[in-house]
$ cat entry02.csv   # CSV, C-alpha atoms
chain,number,residue,atom,x,y,z
F,1,MET,CA,-4.1,-36.0,-106.3
F,2,GLU,CA,-5.8,-32.6,-106.7
F,3,GLY,CA,-5.2,-31.2,-110.1
F,4,GLY,CA,-5.9,-28.2,-112.2
F,5,LEU,CA,-5.3,-27.6,-115.9
F,6,ALA,CA,-5.1,-24.0,-116.9
F,7,SER,CA,-4.0,-24.9,-120.4
F,8,SER,CA,-3.7,-28.1,-122.2
F,9,GLY,CA,-2.1,-29.7,-125.3
F,10,THR,CA,1.4,-29.3,-126.5
F,11,VAL,CA,3.7,-26.4,-127.2
F,12,THR,CA,5.9,-26.3,-130.3
F,13,ARG,CA,9.0,-24.3,-129.8
F,14,TRP,CA,11.8,-23.3,-132.2
F,15,GLU,CA,15.1,-23.6,-130.4
F,16,SER,CA,18.4,-22.1,-131.4
F,17,PHE,CA,20.8,-24.4,-129.6
F,18,ASP,CA,23.7,-25.9,-131.6
F,19,SER,CA,21.7,-27.9,-134.0
F,20,PRO,CA,23.5,-30.5,-136.1
F,21,TYR,CA,22.0,-28.6,-139.0
F,22,ARG,CA,23.2,-25.0,-138.4
F,23,GLY,CA,20.9,-22.4,-139.7
F,24,GLN,CA,17.9,-24.7,-139.5
F,25,PRO,CA,16.0,-24.2,-136.2
F,26,SER,CA,15.3,-27.4,-134.2
F,27,VAL,CA,11.6,-28.0,-133.5
F,28,ILE,CA,10.8,-29.2,-130.0
F,29,THR,CA,7.2,-30.2,-129.2
F,30,GLU,CA,6.7,-30.4,-125.5
F,31,GLN,CA,3.7,-30.7,-123.2
F,32,SER,CA,2.7,-27.6,-121.3
F,33,PRO,CA,4.6,-27.0,-118.0
F,34,VAL,CA,3.3,-28.5,-114.8
F,35,VAL,CA,3.9,-27.5,-111.2
F,36,PHE,CA,3.6,-30.2,-108.5
F,37,VAL,CA,2.7,-29.1,-105.0
F,38,VAL,CA,3.1,-31.4,-102.0
F,39,ASP,CA,1.8,-29.9,-98.7
F,40,PRO,CA,-0.3,-31.6,-96.0
F,41,ASP,CA,-2.3,-28.4,-95.3
F,42,VAL,CA,-5.4,-28.4,-97.6
F,43,SER,CA,-5.8,-24.6,-97.3
F,44,ILE,CA,-2.2,-24.1,-98.5
F,45,ARG,CA,-2.8,-26.5,-101.4
F,46,GLY,CA,-5.9,-24.6,-102.3
F,47,LEU,CA,-4.2,-21.3,-102.2
F,48,LEU,CA,-1.2,-22.5,-104.3
F,49,ARG,CA,-3.5,-24.2,-106.8
F,50,LYS,CA,-5.4,-20.9,-107.3
F,51,LEU,CA,-2.2,-18.8,-107.5
F,52,ILE,CA,-0.4,-21.1,-110.0
F,53,ARG,CA,-3.5,-21.5,-112.2
F,54,SER,CA,-3.9,-17.7,-112.3
F,55,VAL,CA,-0.8,-17.4,-114.4
F,56,GLY,CA,-1.9,-20.1,-116.8
F,57,LEU,CA,0.1,-23.0,-115.5
F,58,ARG,CA,-1.1,-26.6,-114.8
F,59,VAL,CA,-0.8,-27.6,-111.2
F,60,ASP,CA,-1.1,-31.0,-109.5
F,61,CYS,CA,-1.5,-31.0,-105.8
F,62,PHE,CA,-0.8,-33.8,-103.3
F,63,GLY,CA,-1.4,-34.1,-99.6
F,64,SER,CA,1.5,-36.5,-99.0
F,65,PRO,CA,4.9,-37.4,-100.5
F,66,LEU,CA,3.7,-41.0,-101.2
F,67,GLU,CA,0.8,-39.7,-103.4
F,68,PHE,CA,3.3,-37.6,-105.3
F,69,LEU,CA,5.9,-40.4,-105.7
F,70,LEU,CA,3.3,-42.9,-106.9
F,71,GLN,CA,1.9,-40.5,-109.5
F,72,LYS,CA,3.2,-40.9,-113.1
F,73,ARG,CA,4.7,-37.6,-114.1
F,74,PRO,CA,4.3,-36.2,-117.6
F,75,ASP,CA,7.2,-35.7,-119.9
F,76,ALA,CA,7.0,-31.9,-119.6
F,77,PRO,CA,8.9,-29.0,-118.0
F,78,SER,CA,8.1,-29.2,-114.3
F,79,CYS,CA,9.0,-28.2,-110.8
F,80,LEU,CA,8.0,-29.2,-107.3
F,81,VAL,CA,6.7,-26.9,-104.6
F,82,LEU,CA,7.4,-28.9,-101.4
F,83,ASP,CA,6.7,-28.4,-97.7
F,84,VAL,CA,9.5,-29.4,-95.3
F,85,ARG,CA,7.2,-30.9,-92.7
F,86,LEU,CA,5.4,-33.8,-94.2
F,87,PRO,CA,3.8,-37.0,-92.9
F,88,ARG,CA,6.4,-39.7,-92.2
F,89,LYS,CA,9.1,-38.2,-94.4
F,90,SER,CA,10.5,-34.7,-94.4
F,91,GLY,CA,10.7,-32.6,-97.6
F,92,LEU,CA,14.5,-32.9,-97.3
F,93,ASP,CA,14.2,-36.7,-97.4
F,94,ILE,CA,12.1,-36.4,-100.6
F,95,GLN,CA,14.7,-34.1,-102.1
F,96,ARG,CA,17.4,-36.6,-101.3
F,97,GLU,CA,15.4,-39.6,-102.6
F,98,LEU,CA,14.7,-37.8,-105.9
F,99,ALA,CA,18.4,-37.0,-106.3
F,100,GLU,CA,19.4,-40.6,-105.6
F,101,ALA,CA,16.8,-41.8,-108.2
F,102,LYS,CA,18.3,-39.3,-110.6
F,103,VAL,CA,15.0,-37.4,-111.0
F,104,PRO,CA,16.3,-33.9,-111.8
F,105,LEU,CA,13.2,-32.0,-110.6
F,106,PRO,CA,13.8,-28.4,-109.5
F,107,ILE,CA,12.4,-28.0,-105.9
F,108,ILE,CA,11.1,-24.9,-104.2
F,109,PHE,CA,10.6,-25.4,-100.4
F,110,ILE,CA,7.8,-23.6,-98.6
F,111,THR,CA,7.5,-24.1,-94.9
F,112,GLY,CA,6.3,-22.5,-91.7
F,113,HIS,CA,8.9,-24.4,-89.6
F,114,GLY,CA,12.2,-23.8,-91.4
F,115,ASP,CA,15.3,-22.5,-89.8
F,116,ILE,CA,18.6,-21.3,-91.2
F,117,PRO,CA,20.5,-24.7,-91.1
F,118,MET,CA,17.6,-26.4,-92.8
F,119,ALA,CA,17.5,-23.7,-95.5
F,120,VAL,CA,21.2,-24.0,-96.0
F,121,GLN,CA,21.0,-27.8,-96.3
F,122,ALA,CA,18.2,-27.6,-98.9
F,123,MET,CA,20.0,-25.0,-101.0
F,124,LYS,CA,23.3,-26.9,-100.9
F,125,ALA,CA,21.4,-29.9,-102.2
F,126,GLY,CA,20.1,-27.9,-105.2
F,127,ALA,CA,16.8,-26.3,-104.1
F,128,VAL,CA,15.8,-23.3,-106.2
F,129,ASP,CA,14.4,-21.4,-103.2
F,130,PHE,CA,13.4,-21.7,-99.6
F,131,LEU,CA,10.4,-19.6,-98.7
F,132,THR,CA,8.7,-19.3,-95.3
F,133,LYS,CA,5.0,-19.1,-94.6
F,134,PRO,CA,3.3,-16.7,-94.8
F,135,PHE,CA,4.8,-16.2,-98.2
F,136,ARG,CA,4.4,-13.4,-100.7
F,137,GLU,CA,2.6,-14.7,-103.7
F,138,GLN,CA,5.0,-13.0,-106.1
F,139,ASP,CA,7.9,-14.7,-104.5
F,140,VAL,CA,6.4,-18.0,-105.1
F,141,LEU,CA,5.6,-17.2,-108.8
F,142,ASP,CA,9.1,-15.8,-109.3
F,143,ALA,CA,10.6,-19.0,-107.9
F,144,ILE,CA,8.4,-21.2,-110.1
F,145,HIS,CA,9.4,-19.1,-113.1
F,146,VAL,CA,13.1,-19.7,-112.3
F,147,ALA,CA,12.5,-23.4,-111.6
F,148,LEU,CA,10.7,-24.1,-114.9
F,149,GLY,CA,13.4,-22.2,-116.8
F,150,LEU,CA,16.0,-24.4,-115.2
F,151,ASP,CA,14.1,-27.5,-116.2
F,152,ARG,CA,13.5,-26.3,-119.7
F,153,ALA,CA,17.3,-25.6,-120.1
F,154,ARG,CA,18.1,-29.1,-118.8
F,155,ARG,CA,15.6,-30.7,-121.3
F,156,ARG,CA,17.1,-28.7,-124.1
F,157,ARG,CA,20.6,-29.9,-123.2
F,158,GLN,CA,19.3,-33.5,-123.1
F,159,ALA,CA,17.6,-33.1,-126.5
F,160,GLU,CA,20.8,-31.6,-128.0
F,161,ILE,CA,23.0,-34.4,-126.7
F,162,ALA,CA,20.5,-37.1,-127.9
F,163,MET,CA,20.5,-35.4,-131.3
F,164,LEU,CA,24.3,-35.3,-131.5
F,165,ARG,CA,24.5,-39.0,-130.4
F,166,GLU,CA,22.1,-39.9,-133.2
F,167,ARG,CA,24.4,-38.1,-135.7
F,168,LEU,CA,27.4,-39.9,-134.2
F,169,ASP,CA,25.7,-43.2,-134.7
F,170,SER,CA,25.4,-42.4,-138.4
F,171,LEU,CA,29.2,-42.3,-138.8
F,172,THR,CA,31.0,-45.3,-140.3
F,173,PRO,CA,33.6,-47.2,-138.1
F,174,ARG,CA,36.4,-45.5,-140.0
F,175,GLU,CA,34.8,-42.1,-139.5
F,176,ARG,CA,34.4,-42.8,-135.8
F,177,GLU,CA,38.1,-43.7,-135.6
F,178,LEU,CA,39.0,-40.4,-137.2
F,179,LEU,CA,36.8,-38.2,-135.2
F,180,PRO,CA,39.0,-38.1,-132.0
F,181,LEU,CA,42.0,-37.4,-134.2
F,182,ILE,CA,40.3,-34.5,-135.9
F,183,VAL,CA,39.1,-32.8,-132.7
F,184,SER,CA,42.7,-33.3,-131.3
F,185,GLY,CA,44.0,-31.1,-134.1
F,186,PHE,CA,45.8,-33.8,-136.2
F,187,LEU,CA,46.6,-32.8,-139.8
F,188,ASN,CA,45.2,-34.8,-142.6
F,189,LYS,CA,48.6,-36.4,-143.4
F,190,GLN,CA,49.1,-37.2,-139.8
F,191,MET,CA,45.8,-39.0,-139.6
F,192,ALA,CA,46.5,-40.8,-142.8
F,193,ALA,CA,49.7,-42.2,-141.3
F,194,GLU,CA,47.9,-43.1,-138.1
F,195,ILE,CA,45.3,-45.2,-139.7
F,196,GLY,CA,47.3,-46.4,-142.7
F,197,THR,CA,45.5,-44.8,-145.6
F,198,THR,CA,46.0,-41.9,-148.0
F,199,GLU,CA,45.6,-38.2,-147.3
F,200,GLY,CA,43.0,-38.0,-150.0
F,201,THR,CA,40.9,-40.7,-148.3
F,202,VAL,CA,41.2,-38.9,-145.0
F,203,LYS,CA,39.9,-35.7,-146.6
F,204,VAL,CA,36.9,-37.5,-147.9
F,205,HIS,CA,36.2,-39.0,-144.5
F,206,ARG,CA,36.7,-35.7,-142.8
F,207,SER,CA,34.2,-34.0,-145.2
F,208,GLN,CA,31.7,-36.7,-144.5
F,209,ILE,CA,32.1,-36.4,-140.7
F,210,MET,CA,31.6,-32.6,-140.9
F,211,LYS,CA,28.5,-33.1,-143.0
F,212,LYS,CA,26.9,-35.9,-140.9
F,213,MET,CA,27.6,-34.1,-137.6
F,214,GLY,CA,26.3,-30.8,-139.1
F,215,ALA,CA,29.4,-28.9,-138.1
F,216,GLU,CA,30.4,-25.9,-140.2
F,217,SER,CA,33.8,-25.5,-138.7
F,218,LEU,CA,36.4,-27.4,-136.7
F,219,PRO,CA,35.7,-25.4,-133.4
F,220,GLU,CA,32.1,-26.3,-133.8
F,221,LEU,CA,32.9,-30.0,-134.2
F,222,ILE,CA,35.2,-29.8,-131.2
F,223,ARG,CA,32.3,-28.4,-129.1
F,224,MET,CA,30.0,-31.1,-130.3
F,225,ALA,CA,32.5,-33.8,-129.5
F,226,GLN,CA,33.0,-32.4,-126.0
F,227,LYS,CA,29.3,-32.4,-125.3
F,228,ILE,CA,28.9,-36.1,-126.1
F,229,GLY,CA,32.1,-37.2,-124.4
F,230,ILE,CA,34.4,-37.9,-127.4
F,231,PRO,CA,37.9,-37.7,-125.9
F,232,ALA,CA,40.9,-36.2,-127.5
F,233,SER,CA,43.3,-38.8,-129.0
F,234,ASN,CA,46.3,-39.8,-127.0
F,235,ARG,CA,48.1,-41.1,-130.1
$ encode --input "entry02.csv" --output "structure tokens"
Amino acid sequence: MEGGLASSGTVTRWESFDSPYRGQPSVITEQSPVVFVVDPDVSIRGLLRKLIRSVGLRVDCFGSPLEFLLQKRPDAPSCLVLDVRLPRKSGLDIQRELAEAKVPLPIIFITGHGDIPMAVQAMKAGAVDFLTKPFREQDVLDAIHVALGLDRARRRRQAEIAMLRERLDSLTPRERELLPLIVSGFLNKQMAAEIGTTEGTVKVHRSQIMKKMGAESLPELIRMAQKIGIPASNR
């Protein structure tokens, strides 16, 4: 691996996604972004390393896909700049293997041997861009900016879902039983009849659910339930 670290440490960010504590920003501490480059041409690797470092990004370069696949990747926003023509395996093969392994790494293809069908295949499989050599440096930087933005957004969604699931786990069994009824629009008296309790008890449980989930309104609770896969009740 050939690496370069333009900046190190972690970045603390205040995010405004639907926090379970509305009005209190969620703090996310993440490592600095990293760009992976896989290209068998040492001169291209050197050019890309210099270019990417010039905008303050960390870059790790590899001469073969095997080197890249064996490398432990940091838990940080990242993307992959990948040549199509590689030793033993093509870049498209690597793209497919990463997808099958459920590694959601945004990929930018750069190649001197690409054609239209190959580009279409790569883009259909989720590539961020498909650039041909000789490439414009700004095009590469623009594609990296988009790719890192996509990976940051994915990581935010994952963090939000993990946070909501943690809140869900804090509910009592009775509260978990009521949640699907609440997001399905059941009235308190209907829920009381469904679970065999009083309307007053349902009101208490409902208040606790809203508090523990951090929802200030029913529509917000419904959105939270949808994000973590709580189905509407069929009762």
$ closest_residue --input "entry02.csv" --among "F:Arg223, F:Arg85, F:Lys189, F:Arg73" --to "Glu160 of chain F" --atoms "only C-alpha atoms"
F:Arg223
$ residues_around --input "entry02.csv" --residues "segment 118-134 of chain F" --least-positions-apart "6" --cutoff "7 Å" --atoms "only C-alpha atoms" --output "list in words"
Leu92, Pro106, Ile107, Ile108, Phe109, Ile110, Thr111, Gly112, Ala143 and Ala147 of chain F
$ residues_around --input "entry02.csv" --residues "Val183 of chain F" --least-positions-apart "6" --cutoff "7 Å" --atoms "all atoms listed in the file" --output "MDAnalysis selection string"
chainID F and resid 221:222 232
$ closest_residue --input "entry02.csv" --among "F:Gly91, F:Leu187, F:Ser78, F:Glu194" --to "Leu150 of chain F" --atoms "all atoms listed in the file"
F:Ser78
$ closest_residue --input "entry02.csv" --among "F:Cys79, F:Val55, F:Val42, F:Val103" --to "Gly149 of chain F" --atoms "all atoms listed in the file"
F:Cys79
$ residues_around --input "entry02.csv" --residues "Gly46 of chain F" --least-positions-apart "3" --cutoff "12 Å" --atoms "only C-alpha atoms" --output "VMD selection string"
chain F and resid 2 to 4 37 to 43 49 to 53 59 to 63
$ write_last_selection --input "entry02.csv" --atoms "C-alpha atoms" --output "CSV table (one decimal), keeping the file's coordinate frame"
chain,number,residue,atom,x,y,z
F,2,GLU,CA,-5.8,-32.6,-106.7
F,3,GLY,CA,-5.2,-31.2,-110.1
F,4,GLY,CA,-5.9,-28.2,-112.2
F,37,VAL,CA,2.7,-29.1,-105.0
F,38,VAL,CA,3.1,-31.4,-102.0
F,39,ASP,CA,1.8,-29.9,-98.7
F,40,PRO,CA,-0.3,-31.6,-96.0
F,41,ASP,CA,-2.3,-28.4,-95.3
F,42,VAL,CA,-5.4,-28.4,-97.6
F,43,SER,CA,-5.8,-24.6,-97.3
F,49,ARG,CA,-3.5,-24.2,-106.8
F,50,LYS,CA,-5.4,-20.9,-107.3
F,51,LEU,CA,-2.2,-18.8,-107.5
F,52,ILE,CA,-0.4,-21.1,-110.0
F,53,ARG,CA,-3.5,-21.5,-112.2
F,59,VAL,CA,-0.8,-27.6,-111.2
F,60,ASP,CA,-1.1,-31.0,-109.5
F,61,CYS,CA,-1.5,-31.0,-105.8
F,62,PHE,CA,-0.8,-33.8,-103.3
F,63,GLY,CA,-1.4,-34.1,-99.6
$ closest_residue --input "entry02.csv" --among "F:Leu164, F:Ala193, F:Ile44, F:Leu82" --to "Met213 of chain F" --atoms "only C-alpha atoms"
F:Leu164
$ atom_distance --input "entry02.csv" --atom1 "atom CA of Arg165 of chain F" --atom2 "atom CA of Gln31 of chain F"
23.5 Å
$ residues_around --input "entry02.csv" --residues "Arg174 of chain F" --least-positions-apart "3" --cutoff "10 Å" --atoms "all atoms listed in the file" --output "number ranges by chain"
F: 171, 177-179, 195, 202, 205
$ write_last_selection --input "entry02.csv" --atoms "C-alpha atoms" --output "PDB file, in the frame of the given file"
ATOM      1  CA  LEU F 171      29.200 -42.300-138.800  1.00  0.00           C
ATOM      2  CA  GLU F 177      38.100 -43.700-135.600  1.00  0.00           C
ATOM      3  CA  LEU F 178      39.000 -40.400-137.200  1.00  0.00           C
ATOM      4  CA  LEU F 179      36.800 -38.200-135.200  1.00  0.00           C
ATOM      5  CA  ILE F 195      45.300 -45.200-139.700  1.00  0.00           C
ATOM      6  CA  VAL F 202      41.200 -38.900-145.000  1.00  0.00           C
ATOM      7  CA  HIS F 205      36.200 -39.000-144.500  1.00  0.00           C
TER       8      HIS F 205
END
$ residues_around --input "entry02.csv" --residues "Lys203 of chain F" --least-positions-apart "6" --cutoff "12 Å" --atoms "only C-alpha atoms" --output "PyMOL selection string"
chain F and resi 175+178+182+187-192+197+209-210
$ atom_distance --input "entry02.csv" --atom1 "atom CA of Glu100 of chain F" --atom2 "atom CA of Pro65 of chain F"
15.7 Å
$ atom_distance --input "entry02.csv" --atom1 "atom CA of Leu80 of chain F" --atom2 "atom CA of Glu137 of chain F"
15.9 Å
